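Participant: Dropping in work_24.cif, with mmCIF, C-alpha atoms and all ligand atoms.
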```cif
data_protein
#
loop_
_atom_site.label_atom_id
_atom_site.label_comp_id
_atom_site.auth_asym_id
_atom_site.auth_seq_id
_atom_site.Cartn_x
_atom_site.Cartn_y
_atom_site.Cartn_z
CA MET A 22 -23.21 -26.14 -23.45
CA THR A 23 -23.19 -24.21 -20.16
CA GLU A 24 -21.89 -20.64 -19.88
CA ALA A 25 -18.80 -22.05 -18.23
CA GLU A 26 -18.13 -24.52 -21.04
CA SER A 27 -18.51 -21.80 -23.62
CA VAL A 28 -15.77 -19.82 -21.88
CA THR A 29 -13.40 -22.71 -21.46
CA ASN A 30 -13.53 -26.43 -21.34
CA GLN A 31 -11.03 -26.48 -18.55
CA GLY A 32 -12.93 -26.81 -15.32
CA VAL A 33 -14.66 -29.67 -13.69
CA THR A 34 -14.43 -31.59 -16.94
CA GLY A 35 -10.92 -32.62 -16.07
CA LYS A 36 -8.65 -30.62 -18.34
CA PRO A 37 -6.20 -28.53 -16.40
CA ALA A 38 -7.22 -24.98 -15.50
CA GLY A 39 -4.12 -23.04 -14.49
CA GLY A 40 -2.25 -26.33 -14.97
CA LEU A 41 -4.47 -28.09 -12.42
CA ASP A 42 -6.62 -31.16 -12.97
CA ILE A 43 -9.63 -29.97 -11.02
CA ALA A 44 -11.72 -33.12 -11.45
CA ARG A 45 -8.91 -35.18 -9.98
CA ILE A 46 -8.35 -32.69 -7.17
CA ARG A 47 -12.04 -32.83 -6.26
CA GLU A 48 -11.80 -36.57 -5.75
CA ASP A 49 -9.38 -35.90 -2.88
CA PHE A 50 -12.02 -33.93 -0.93
CA PRO A 51 -14.68 -36.30 0.41
CA ILE A 52 -16.92 -33.47 1.64
CA LEU A 53 -17.42 -32.17 -1.90
CA ALA A 54 -19.51 -35.26 -2.67
CA ARG A 55 -22.18 -34.37 -0.14
CA GLU A 56 -25.50 -32.69 -0.75
CA VAL A 57 -27.11 -29.79 1.10
CA TYR A 58 -30.92 -29.59 1.02
CA GLY A 59 -30.87 -32.16 -1.78
CA LYS A 60 -28.47 -30.08 -3.93
CA PRO A 61 -24.78 -30.75 -4.59
CA LEU A 62 -22.64 -28.74 -2.20
CA VAL A 63 -21.05 -25.69 -3.83
CA TYR A 64 -18.55 -24.57 -1.23
CA LEU A 65 -17.59 -20.92 -1.77
CA ASP A 66 -16.63 -20.00 1.79
CA ASN A 67 -12.95 -20.81 1.50
CA ALA A 68 -11.76 -17.51 2.95
CA ALA A 69 -13.43 -18.56 6.22
CA THR A 70 -11.92 -22.04 6.15
CA SER A 71 -10.98 -24.45 3.39
CA GLN A 72 -12.05 -28.07 3.01
CA LYS A 73 -9.60 -30.88 3.79
CA PRO A 74 -8.10 -33.47 1.45
CA ARG A 75 -8.28 -37.18 2.20
CA GLN A 76 -4.47 -37.22 2.52
CA LEU A 77 -4.67 -34.92 5.55
CA ILE A 78 -7.53 -36.84 7.17
CA GLU A 79 -5.59 -40.09 6.72
CA ALA A 80 -2.44 -38.54 8.20
CA LEU A 81 -4.37 -37.55 11.34
CA VAL A 82 -5.75 -41.09 11.69
CA ARG A 83 -2.27 -42.54 11.10
CA TYR A 84 -0.80 -40.33 13.82
CA TYR A 85 -3.42 -41.29 16.40
CA GLU A 86 -3.38 -44.96 15.42
CA SER A 87 0.36 -45.50 15.25
CA TYR A 88 2.62 -42.88 16.90
CA ASN A 89 0.59 -40.63 19.21
CA ALA A 90 2.94 -39.35 21.94
CA ASN A 91 4.06 -36.11 23.53
CA ILE A 92 7.03 -34.43 21.87
CA HIS A 93 10.46 -33.16 22.95
CA ARG A 94 10.32 -35.01 26.25
CA ALA A 95 9.85 -38.74 25.70
CA VAL A 96 12.75 -41.19 25.53
CA HIS A 97 10.61 -43.79 23.80
CA CYS A 98 10.21 -44.61 20.12
CA LEU A 99 6.72 -43.12 19.74
CA GLY A 100 7.87 -39.85 21.26
CA GLU A 101 10.82 -39.70 18.91
CA GLU A 102 8.66 -40.38 15.87
CA ALA A 103 6.12 -37.74 16.89
CA THR A 104 8.88 -35.19 17.60
CA ALA A 105 10.52 -35.84 14.24
CA ALA A 106 7.21 -35.46 12.38
CA TYR A 107 6.34 -32.26 14.26
CA GLU A 108 9.72 -30.67 13.56
CA GLU A 109 9.60 -31.84 9.94
CA ALA A 110 6.33 -29.93 9.58
CA ARG A 111 8.08 -26.82 10.87
CA ALA A 112 10.77 -27.25 8.21
CA LYS A 113 8.09 -27.65 5.52
CA VAL A 114 6.40 -24.42 6.62
CA ALA A 115 9.74 -22.60 6.50
CA ARG A 116 10.43 -23.84 2.96
CA PHE A 117 6.89 -23.00 1.83
CA ILE A 118 7.26 -19.29 2.65
CA ASN A 119 11.02 -19.23 2.05
CA ALA A 120 11.91 -18.43 5.66
CA PRO A 121 15.68 -18.58 6.22
CA SER A 122 15.39 -21.44 8.74
CA PRO A 123 12.81 -23.54 10.63
CA GLU A 124 13.80 -21.71 13.83
CA CYS A 125 11.99 -18.62 12.48
CA ILE A 126 8.69 -20.50 12.59
CA VAL A 127 6.58 -20.42 15.78
CA PHE A 128 3.45 -22.54 15.89
CA THR A 129 0.43 -20.82 17.40
CA ARG A 130 -3.30 -21.64 17.39
CA ASN A 131 -4.11 -19.36 14.45
CA THR A 132 -3.32 -16.01 12.79
CA THR A 133 -5.10 -14.20 15.60
CA GLU A 134 -2.84 -15.68 18.24
CA ALA A 135 0.27 -15.01 16.14
CA ILE A 136 -0.58 -11.29 15.87
CA ASN A 137 -1.47 -11.12 19.56
CA LEU A 138 1.88 -12.73 20.39
CA VAL A 139 3.68 -9.91 18.57
CA ALA A 140 1.53 -7.22 20.18
CA TYR A 141 2.02 -8.69 23.64
CA THR A 142 5.75 -9.33 23.45
CA TRP A 143 7.46 -7.12 20.87
CA GLY A 144 4.71 -4.50 21.11
CA ARG A 145 4.82 -4.09 24.89
CA ALA A 146 8.59 -3.72 24.79
CA ASN A 147 8.76 -1.33 21.85
CA ILE A 148 5.60 0.78 21.77
CA GLY A 149 5.42 3.71 24.18
CA PRO A 150 3.57 7.01 24.55
CA ASP A 151 5.68 8.58 21.83
CA SER A 152 5.10 5.82 19.30
CA GLY A 153 2.46 4.98 16.79
CA VAL A 154 1.06 1.94 15.02
CA LEU A 155 -0.16 2.21 11.43
CA LEU A 156 -2.86 -0.12 10.07
CA THR A 157 -5.06 -0.01 6.97
CA LEU A 158 -8.80 0.15 6.51
CA LEU A 159 -8.65 -3.34 4.95
CA GLU A 160 -7.68 -5.11 8.16
CA HIS A 161 -9.45 -8.02 9.79
CA HIS A 162 -10.35 -7.48 13.46
CA SER A 163 -7.43 -9.79 14.34
CA ASN A 164 -5.08 -7.12 13.05
CA ILE A 165 -6.94 -4.23 14.66
CA VAL A 166 -8.05 -5.16 18.17
CA PRO A 167 -4.61 -6.26 19.50
CA TRP A 168 -3.18 -2.89 18.39
CA GLN A 169 -6.11 -0.95 19.81
CA ARG A 170 -5.50 -2.62 23.17
CA LEU A 171 -1.75 -2.06 23.04
CA THR A 172 -1.86 1.58 21.95
CA ALA A 173 -4.58 2.36 24.51
CA GLU A 174 -2.48 0.76 27.25
CA LYS A 175 0.66 2.61 26.18
CA GLY A 176 -0.92 5.93 25.23
CA ALA A 177 0.41 5.51 21.68
CA SER A 178 -1.29 6.64 18.47
CA LEU A 179 -3.19 4.38 16.06
CA ARG A 180 -3.66 5.44 12.47
CA TYR A 181 -5.13 3.90 9.32
CA ILE A 182 -4.17 4.06 5.66
CA GLY A 183 -7.41 4.81 3.78
CA LEU A 184 -8.77 3.55 0.47
CA THR A 185 -9.05 4.81 -3.09
CA GLU A 186 -12.33 4.63 -4.98
CA GLN A 187 -11.23 1.25 -6.35
CA GLN A 188 -10.80 0.01 -2.79
CA THR A 189 -7.04 -0.27 -3.02
CA LEU A 190 -4.81 1.39 -0.41
CA GLU A 191 -4.53 5.17 -0.73
CA LEU A 192 -0.77 5.53 -0.76
CA ASP A 193 -0.67 9.18 -1.80
CA GLY A 194 0.21 11.07 1.34
CA LEU A 195 1.59 8.00 3.10
CA GLU A 196 4.42 10.16 4.41
CA ASN A 197 1.87 12.11 6.47
CA LEU A 198 0.68 8.94 8.16
CA MET A 199 4.01 7.17 8.60
CA ASP A 200 6.35 9.47 10.52
CA SER A 201 9.34 9.11 12.80
CA ARG A 202 7.06 7.96 15.65
CA THR A 203 5.57 5.08 13.67
CA ARG A 204 7.13 1.94 15.15
CA LEU A 205 5.01 -0.59 13.29
CA LEU A 206 3.09 -0.93 10.05
CA SER A 207 0.74 -3.91 10.27
CA VAL A 208 -0.99 -4.74 7.01
CA THR A 209 -2.83 -7.60 5.39
CA GLN A 210 -1.40 -8.97 2.15
CA VAL A 211 -4.87 -9.80 0.80
CA SER A 212 -8.13 -8.41 2.15
CA ASN A 213 -10.46 -11.15 3.35
CA ALA A 214 -13.47 -8.92 2.79
CA LEU A 215 -12.78 -7.48 -0.68
CA GLY A 216 -9.92 -9.55 -2.09
CA THR A 217 -7.67 -6.52 -2.66
CA ILE A 218 -4.00 -7.49 -2.94
CA ASN A 219 -1.77 -4.97 -1.18
CA PRO A 220 1.75 -4.07 -2.39
CA VAL A 221 3.36 -5.38 0.80
CA GLN A 222 6.86 -5.54 -0.62
CA GLU A 223 6.80 -1.86 -1.58
CA LEU A 224 5.17 -0.95 1.72
CA ALA A 225 7.83 -2.85 3.67
CA ALA A 226 10.60 -1.03 1.76
CA GLU A 227 8.97 2.32 2.47
CA ALA A 228 8.45 1.45 6.13
CA HIS A 229 12.02 0.30 6.60
CA ARG A 230 13.35 3.52 5.00
CA ASN A 231 11.39 5.23 7.76
CA GLY A 232 12.73 2.95 10.51
CA THR A 233 9.30 1.32 10.90
CA MET A 234 8.87 -2.42 11.51
CA VAL A 235 6.44 -4.41 9.36
CA LEU A 236 3.98 -7.15 10.23
CA VAL A 237 2.16 -8.79 7.32
CA ASP A 238 -1.08 -10.68 7.88
CA GLY A 239 -0.82 -13.54 5.39
CA ALA A 240 -4.03 -15.37 6.36
CA GLN A 241 -5.50 -14.80 2.88
CA SER A 242 -2.31 -14.86 0.83
CA VAL A 243 -0.26 -17.94 1.80
CA PRO A 244 -3.12 -20.32 0.91
CA HIS A 245 -3.57 -18.80 -2.55
CA MET A 246 -0.30 -17.54 -4.05
CA PRO A 247 3.46 -18.00 -3.82
CA VAL A 248 4.81 -16.15 -0.78
CA ASP A 249 8.45 -15.36 -0.06
CA VAL A 250 8.93 -13.64 3.29
CA GLN A 251 12.57 -12.83 2.55
CA ALA A 252 11.77 -11.15 -0.76
CA MET A 253 8.90 -9.32 0.94
CA ASP A 254 11.37 -8.31 3.67
CA CYS A 255 8.73 -8.22 6.41
CA ASP A 256 9.72 -8.49 10.06
CA PHE A 257 6.72 -10.56 11.15
CA PHE A 258 4.32 -12.69 9.10
CA ALA A 259 1.21 -14.51 10.37
CA PHE A 260 -1.13 -17.10 8.87
CA SER A 261 -3.46 -20.05 9.66
CA ALA A 262 -3.33 -23.69 8.57
CA HIS A 263 -7.08 -24.13 8.32
CA LYS A 264 -7.44 -21.77 5.37
CA MET A 265 -4.90 -23.76 3.32
CA LEU A 266 -6.28 -27.31 3.39
CA GLY A 267 -4.84 -27.88 6.88
CA PRO A 268 -6.54 -28.57 10.19
CA THR A 269 -8.01 -25.98 12.55
CA GLY A 270 -6.03 -25.08 15.66
CA VAL A 271 -2.67 -24.36 14.00
CA GLY A 272 -1.28 -20.96 13.11
CA VAL A 273 2.16 -19.67 12.23
CA LEU A 274 4.19 -16.71 13.29
CA TYR A 275 7.30 -16.11 11.20
CA ALA A 276 9.71 -13.51 12.57
CA ARG A 277 13.20 -12.48 11.67
CA PRO A 278 15.47 -14.67 13.83
CA GLU A 279 17.11 -11.80 15.73
CA LEU A 280 13.67 -10.49 16.71
CA LEU A 281 12.61 -13.83 18.14
CA GLN A 282 15.86 -13.94 20.10
CA GLU A 283 15.20 -10.52 21.63
CA MET A 284 11.51 -10.94 22.35
CA GLU A 285 10.21 -12.03 25.75
CA PRO A 286 8.09 -15.19 25.82
CA PHE A 287 4.32 -14.91 25.44
CA LEU A 288 3.05 -17.73 27.70
CA GLY A 289 4.97 -19.38 30.52
CA GLY A 290 5.02 -23.09 31.35
CA GLY A 291 6.52 -26.37 30.24
CA GLU A 292 8.54 -26.61 26.99
CA MET A 293 9.43 -22.90 26.88
CA ILE A 294 12.15 -23.19 29.54
CA LYS A 295 15.64 -24.64 29.83
CA ARG A 296 15.79 -24.59 33.61
CA VAL A 297 13.48 -23.50 36.43
CA THR A 298 14.42 -22.71 40.03
CA GLN A 299 12.11 -21.62 42.83
CA GLU A 300 12.85 -18.01 41.97
CA ASP A 301 13.12 -17.80 38.21
CA ALA A 302 13.62 -19.56 34.91
CA ILE A 303 15.87 -19.58 31.86
CA TRP A 304 14.08 -19.57 28.55
CA ASN A 305 14.39 -22.28 25.94
CA ASP A 306 15.92 -21.57 22.52
CA VAL A 307 13.74 -20.14 19.78
CA PRO A 308 11.24 -21.10 18.53
CA TRP A 309 10.36 -23.34 21.50
CA LYS A 310 10.57 -20.34 23.83
CA PHE A 311 7.22 -19.33 22.32
CA GLU A 312 5.54 -22.75 22.42
CA ALA A 313 4.60 -23.24 26.07
CA GLY A 314 2.76 -26.44 27.01
CA THR A 315 1.92 -29.47 24.89
CA PRO A 316 1.31 -28.16 21.37
CA ASN A 317 -1.26 -29.28 18.84
CA ILE A 318 0.96 -32.15 17.67
CA ALA A 319 -1.42 -34.05 15.42
CA ASP A 320 -2.66 -30.98 13.60
CA VAL A 321 0.82 -29.55 13.07
CA ILE A 322 1.81 -32.88 11.47
CA GLY A 323 -1.39 -32.73 9.41
CA PHE A 324 -0.52 -29.20 8.36
CA GLY A 325 2.75 -30.56 6.94
CA VAL A 326 0.71 -32.91 4.75
CA ALA A 327 -1.50 -30.02 3.56
CA ILE A 328 1.67 -28.12 2.61
CA ASP A 329 2.91 -31.16 0.67
CA TYR A 330 -0.42 -31.22 -1.16
CA LEU A 331 -0.25 -27.54 -2.12
CA SER A 332 3.42 -27.80 -3.04
CA ASP A 333 2.63 -30.69 -5.38
CA LEU A 334 -0.05 -28.58 -7.07
CA GLY A 335 2.33 -25.62 -7.32
CA MET A 336 1.31 -22.26 -5.90
CA GLU A 337 1.66 -20.53 -9.29
CA ASN A 338 -0.97 -22.96 -10.59
CA VAL A 339 -3.22 -22.37 -7.58
CA ARG A 340 -3.06 -18.63 -8.21
CA ALA A 341 -3.68 -19.03 -11.95
CA HIS A 342 -6.72 -21.21 -11.30
CA GLU A 343 -8.23 -18.74 -8.84
CA MET A 344 -7.63 -15.85 -11.22
CA GLU A 345 -9.46 -17.72 -13.96
CA ILE A 346 -12.42 -18.42 -11.69
CA SER A 347 -12.49 -14.87 -10.32
CA GLU A 348 -12.34 -13.39 -13.80
CA TYR A 349 -15.27 -15.55 -14.90
CA ALA A 350 -17.27 -14.84 -11.72
CA LEU A 351 -16.69 -11.09 -12.03
CA ARG A 352 -17.83 -11.19 -15.66
CA ARG A 353 -20.99 -13.12 -14.84
CA LEU A 354 -21.86 -11.02 -11.79
CA ARG A 355 -21.33 -7.81 -13.78
CA GLN A 356 -23.96 -9.04 -16.24
CA MET A 357 -26.52 -9.24 -13.45
CA GLU A 358 -28.81 -6.31 -12.92
CA GLU A 359 -28.32 -4.28 -9.78
CA VAL A 360 -25.47 -6.30 -8.27
CA ILE A 361 -22.91 -4.05 -6.60
CA ILE A 362 -19.42 -5.60 -6.64
CA TYR A 363 -16.71 -4.40 -4.28
CA GLY A 364 -12.93 -4.45 -4.66
CA PRO A 365 -10.57 -3.71 -7.55
CA PRO A 366 -12.02 -4.41 -11.01
CA ASP A 367 -8.97 -6.24 -12.38
CA PRO A 368 -8.67 -9.91 -11.23
CA ALA A 369 -4.88 -9.46 -11.26
CA ASP A 370 -5.27 -7.02 -8.35
CA ARG A 371 -7.36 -9.35 -6.22
CA GLY A 372 -7.31 -12.78 -4.65
CA GLY A 373 -10.09 -15.31 -5.16
CA VAL A 374 -12.63 -13.33 -3.13
CA ILE A 375 -15.66 -11.51 -4.52
CA SER A 376 -17.86 -9.40 -2.26
CA PHE A 377 -21.16 -8.06 -3.52
CA ASN A 378 -24.58 -6.77 -2.53
CA TYR A 379 -28.01 -6.10 -3.89
CA PRO A 380 -29.27 -2.65 -2.96
CA ASP A 381 -32.05 -2.93 -0.35
CA LEU A 382 -31.41 -6.62 0.36
CA HIS A 383 -29.68 -7.77 3.50
CA PRO A 384 -26.62 -9.97 2.80
CA HIS A 385 -27.85 -12.51 5.38
CA ASP A 386 -31.10 -12.95 3.44
CA ILE A 387 -29.19 -13.59 0.21
CA GLY A 388 -26.81 -15.98 1.96
CA THR A 389 -29.69 -17.93 3.47
CA VAL A 390 -31.41 -18.41 0.10
CA LEU A 391 -28.11 -19.38 -1.57
CA ASP A 392 -27.68 -22.02 1.11
CA ARG A 393 -31.01 -23.56 0.05
CA TYR A 394 -29.46 -24.05 -3.40
CA GLY A 395 -26.46 -25.78 -1.84
CA VAL A 396 -24.24 -22.71 -2.22
CA ALA A 397 -22.19 -21.88 0.89
CA VAL A 398 -21.01 -18.25 1.04
CA ARG A 399 -20.29 -15.91 3.91
CA ALA A 400 -22.64 -12.99 4.52
CA GLY A 401 -22.00 -10.21 7.01
CA HIS A 402 -19.17 -7.93 8.08
CA HIS A 403 -16.40 -10.54 7.61
CA CYS A 404 -14.73 -9.41 10.86
CA ALA A 405 -13.88 -6.14 9.13
CA GLN A 406 -16.33 -3.67 10.66
CA PRO A 407 -14.23 -0.52 10.17
CA LEU A 408 -14.09 -1.39 6.46
CA MET A 409 -17.85 -2.00 6.30
CA HIS A 410 -18.39 1.34 8.04
CA HIS A 411 -16.17 3.01 5.43
CA LEU A 412 -18.19 1.36 2.62
CA ASP A 413 -21.38 2.43 4.41
CA VAL A 414 -22.85 -1.07 4.39
CA SER A 415 -23.78 -3.43 7.22
CA GLY A 416 -22.10 -6.27 5.37
CA THR A 417 -21.68 -8.00 2.02
CA VAL A 418 -22.19 -11.41 0.46
CA ARG A 419 -18.78 -12.99 -0.13
CA ALA A 420 -17.92 -15.85 -2.48
CA SER A 421 -14.38 -17.11 -2.05
CA PHE A 422 -12.73 -19.74 -4.25
CA TYR A 423 -10.10 -22.40 -3.92
CA VAL A 424 -8.32 -25.14 -5.84
CA TYR A 425 -11.37 -27.42 -6.11
CA ASN A 426 -13.88 -24.84 -7.34
CA THR A 427 -15.06 -24.86 -10.94
CA LEU A 428 -16.53 -22.46 -13.44
CA GLU A 429 -19.70 -24.55 -13.34
CA GLU A 430 -20.00 -23.78 -9.64
CA VAL A 431 -19.87 -20.09 -10.48
CA ASP A 432 -22.85 -20.73 -12.79
CA VAL A 433 -24.72 -22.36 -9.90
CA LEU A 434 -23.96 -19.33 -7.72
CA VAL A 435 -25.17 -16.90 -10.37
CA ASP A 436 -28.37 -18.87 -11.05
CA ALA A 437 -29.14 -19.17 -7.33
CA LEU A 438 -28.48 -15.46 -6.91
CA GLY A 439 -30.97 -14.71 -9.67
CA GLN A 440 -33.54 -16.88 -7.87
CA ALA A 441 -32.84 -15.16 -4.56
CA HIS A 442 -33.24 -11.73 -6.10
CA ALA A 443 -36.48 -12.73 -7.82
CA PHE A 444 -37.80 -14.22 -4.59
CA PHE A 445 -37.19 -11.07 -2.56
CA SER A 446 -38.36 -8.74 -5.36
CA ASN A 447 -41.71 -10.56 -5.48
CA ASP A 448 -41.82 -10.61 -1.71
CA THR A 449 -41.59 -6.86 -1.49
CA LYS A 450 -44.26 -6.20 -4.16
N1 LIG B 501 -10.83 -14.62 8.29
C1 LIG B 501 -12.95 -14.94 7.17
O1 LIG B 501 -14.04 -15.50 6.99
P1 LIG B 501 -7.93 -16.96 12.36
O2 LIG B 501 -9.38 -16.90 12.72
O3 LIG B 501 -7.08 -16.51 13.49
O4 LIG B 501 -7.53 -18.24 11.75
O5 LIG B 501 -7.74 -15.90 11.19
C2 LIG B 501 -8.01 -14.56 11.44
C3 LIG B 501 -7.83 -13.76 10.19
C4 LIG B 501 -6.83 -12.81 10.14
N2 LIG B 501 -6.60 -12.09 9.03
C5 LIG B 501 -7.32 -12.27 7.93
C6 LIG B 501 -6.99 -11.48 6.70
C7 LIG B 501 -8.35 -13.22 7.92
O6 LIG B 501 -9.07 -13.39 6.81
C8 LIG B 501 -8.63 -13.96 9.07
C9 LIG B 501 -9.78 -14.94 9.12
C10 LIG B 501 -11.98 -15.52 8.16
O7 LIG B 501 -12.62 -13.96 6.53
C11 LIG B 501 -12.65 -15.85 9.45
S1 LIG B 501 -13.22 -14.44 10.33
#
```
Represent the structure of the file as structure tokens.

Facilitator:
Amino acid sequence: MTEAESVTNQGVTGKPAGGLDIARIREDFPILAREVYGKPLVYLDNAATSQKPRQLIEALVRYYESYNANIHRAVHCLGEEATAAYEEARAKVARFINAPSPECIVFTRNTTEAINLVAYTWGRANIGPDSGVLLTLLEHHSNIVPWQRLTAEKGASLRYIGLTEQQTLELDGLENLMDSRTRLLSVTQVSNALGTINPVQELAAEAHRNGTMVLVDGAQSVPHMPVDVQAMDCDFFAFSAHKMLGPTGVGVLYARPELLQEMEPFLGGGEMIKRVTQEDAIWNDVPWKFEAGTPNIADVIGFGVAIDYLSDLGMENVRAHEMEISEYALRRLRQMEEVIIYGPPDPADRGGVISFNYPDLHPHDIGTVLDRYGVAVRAGHHCAQPLMHHLDVSGTVRASFYVYNTLEEVDVLVDALGQAHAFFSNDTK
């Protein structure tokens, strides 16, 4: 019996873990059957991008084979079918995060573009020399650089909420950071680098008491847990399709409807107008006001299929499965000599992301050896350099889990890690 089997028989063997039938789920992902350097692929880089189910791949083929057309402008049947499927995907996204209506959902290219849209439109209109933007040390560069650019341009202040020793947000003394000048708190719901889950609902309530608007970066939360933007009471919410079984090239900006009404468009061109004269133009209704040019039609439709897939699994089950895997991985990694694990110790306080290091070994070296064992992880700064600087490391090795990962794959990771450590220890003797 493997370590994993001795913990539970619910994993790849087919019995539900967190209510999920993992063996059956794995059959939906053709890529999981491939080998890397002669070893079965163990894909643990899901925080970077997830793998895609057959249902999504087939939906993309179906679109291109049977109703490929531009949307919102054709009078023909294909155009109507494509428009209906595209707008149906918007409605599915709205339901998935409990947005009040599909009109609150703007399709972008990714989370990065969604945050930049807010910085460029709402930010330019509302941030001035007397204002401030508050971030946290857990942010991805996508939620740092747009605000650095905006605050530099406007002469506004930029502050960061720091971290406790357990690498959760240091909320003692928040009142000193968030003052009457703070126009925006922009915070990730789950850290991509450490897995820390932030109390965004409480933070939003605190921010609103202070008259501060709230943007939540949901790139690492929506794929992995139930999300309700109305309960969270955020003003803006951003995430990417490709991290949640969907295609690349599609992101989402949710915003409270009255904000979208007030905001100026981001890009100008076709689709985002009602009427254009030689001198000026009248903007289209929301959300189309923010979707200039031909959008990524096929991939938005595919995203709708990915949402159907996750909805069928049930996001509570997805979360339960990842907690089970994380708990097991944390336990096994803690048994290994010298491994330094980052992030909160309790799996309930973290998403399915585990970052770790060996002292004196570069994360890239570890990642490269793991790859030779078929194990795909991310190694490096995870686009979170201010956080790495705070931790005083150049980077970490990061294993990140999803619905198709098994406890047995954690065993493969741990064994390969042991081999990598032994290899470099001998190398340095
Ligand atoms: N993080 C990772 O390996 P895009 O690239 O726009 O789809 O997502 C950006 C982004 C924003 N916020 C968070 C919390 C994220 O994790 C990411 C993407 C990937 O961690 C790729 S760098």

Participant: Which value, in Å to one decimal, gives the distance between atom CA of Glu191 of chain A and atom CA of Glu358 of chain A?

Facilitator: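 Value for the atom CA of Glu191 of chain A-atom CA of Glu358 of chain A distance: 29.5 Å.
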
Participant: Using only C-alpha atoms, which of the listed residues (A:Ala259, A:Val82, A:Glu124, A:Met336) sits closest to Glu109 of chain A?

Facilitator: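 Using only C-alpha atoms, Glu109 of chain A sits closest to A:Glu124.
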
Participant: Taking all atoms listed in the file into account, which residues are within 6 Å of ligand LIG 501 (chain B), as a VMD selection string?

Facilitator: chain A and resid 68 to 69 131 to 133 161 163 209 212 to 213 238 240 to 241 261 403 to 404

Participant: Rounded to one decimal place, report the atom CA of Leu438 of chain A-atom CA of Ala214 of chain A distance in Å.

Facilitator: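 Interatomic distance, atom CA of Leu438 of chain A to atom CA of Ala214 of chain A: 19.0 Å.
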
Participant: Given only C-alpha atoms as the basis, pick out the residue of A:Thr315, A:Asn305, A:Asn197, A:Thr70 nearest to Ala262 of chain A.

Facilitator: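 Using only C-alpha atoms, Ala262 of chain A sits closest to A:Thr70.
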
Participant: Would you work out the distance separating atom CA of Ala146 of chain A from atom CA of Ser122 of chain A, expressed in Å to one decimal?

Facilitator: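 Between these atoms lies a distance of 24.9 Å.
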
Participant: For Pro308 of chain A, which of A:Arg111, A:Arg355, A:Arg180, A:His97 is the closest residue, counting all atoms listed in the file?

Facilitator: A:Arg111

Participant: Find the nearest atom pair between each residue of segment 64-171 of chain A and segment 382-397 of chain A for residues within 9 Å, count only C-alpha atoms, give distances in Å to one decimal, sort rows by chain and ascending number, and present the table as a tab-separated table.

Facilitator:
```
residue	atom	partner	partner_atom	distance
A:Tyr64	CA	A:Ala397	CA	5.0
A:Leu65	CA	A:Ala397	CA	5.4
A:Asp66	CA	A:Ala397	CA	5.9
```

Participant: For Ile328 of chain A, work out the shell of residues within 10 Å, counting only C-alpha atoms and skipping chain neighbours fewer than 6 positions away, then give it as a PDB file with C-alpha atoms, keeping the file's coordinate frame.

Facilitator:
```
ATOM      1  CA  LEU A  77      -4.670 -34.920   5.550  1.00  0.00           C
ATOM      2  CA  ALA A 110       6.330 -29.930   9.580  1.00  0.00           C
ATOM      3  CA  LYS A 113       8.090 -27.650   5.520  1.00  0.00           C
ATOM      4  CA  VAL A 114       6.400 -24.420   6.620  1.00  0.00           C
ATOM      5  CA  ARG A 116      10.430 -23.840   2.960  1.00  0.00           C
ATOM      6  CA  PHE A 117       6.890 -23.000   1.830  1.00  0.00           C
ATOM      7  CA  PRO A 244      -3.120 -20.320   0.910  1.00  0.00           C
ATOM      8  CA  ALA A 262      -3.330 -23.690   8.570  1.00  0.00           C
ATOM      9  CA  MET A 265      -4.900 -23.760   3.320  1.00  0.00           C
ATOM     10  CA  LEU A 266      -6.280 -27.310   3.390  1.00  0.00           C
ATOM     11  CA  GLY A 267      -4.840 -27.880   6.880  1.00  0.00           C
ATOM     12  CA  LEU A 334      -0.050 -28.580  -7.070  1.00  0.00           C
TER      13      LEU A 334
END
```

Participant: Which residue is closest to Pro368 of chain A? Choose from A:Leu215, A:Val243, A:Ala313, A:Val433 and count only C-alpha atoms.

Facilitator: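 Comparing A:Leu215, A:Val243, A:Ala313, A:Val433 against Pro368 of chain A, the winner is A:Leu215.
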
Participant: Excluding Ala369 of chain A and residues on its chain fewer than 2 positions from it, collect all residues at most 9 Å away from it, counting only C-alpha atoms, and give them as JSON, numbers by chain.

Facilitator: {"A": [218, 344, 348, 365, 366, 367, 371, 372]}

Participant: Quick one: residues within 7 Å of segment 421-424 of chain A, all atoms listed in the file, excluding same-chain residues fewer than 5 positions away - as a list in words?

Facilitator: Leu65, Asp66, Asn67, Ala68, Val339, His342, Glu343, Gly373, Val374 and Ile375 of chain A

Participant: For Asn219 of chain A, please output as a list in words all residues within 9 Å (counting all atoms listed in the file; exclusion window: fewer than 4 positions along the same chain).

Facilitator: Thr189, Leu190, Val208, Thr209, Gln210, Val211, Ser212, Leu224, Asp370 and Arg371 of chain A
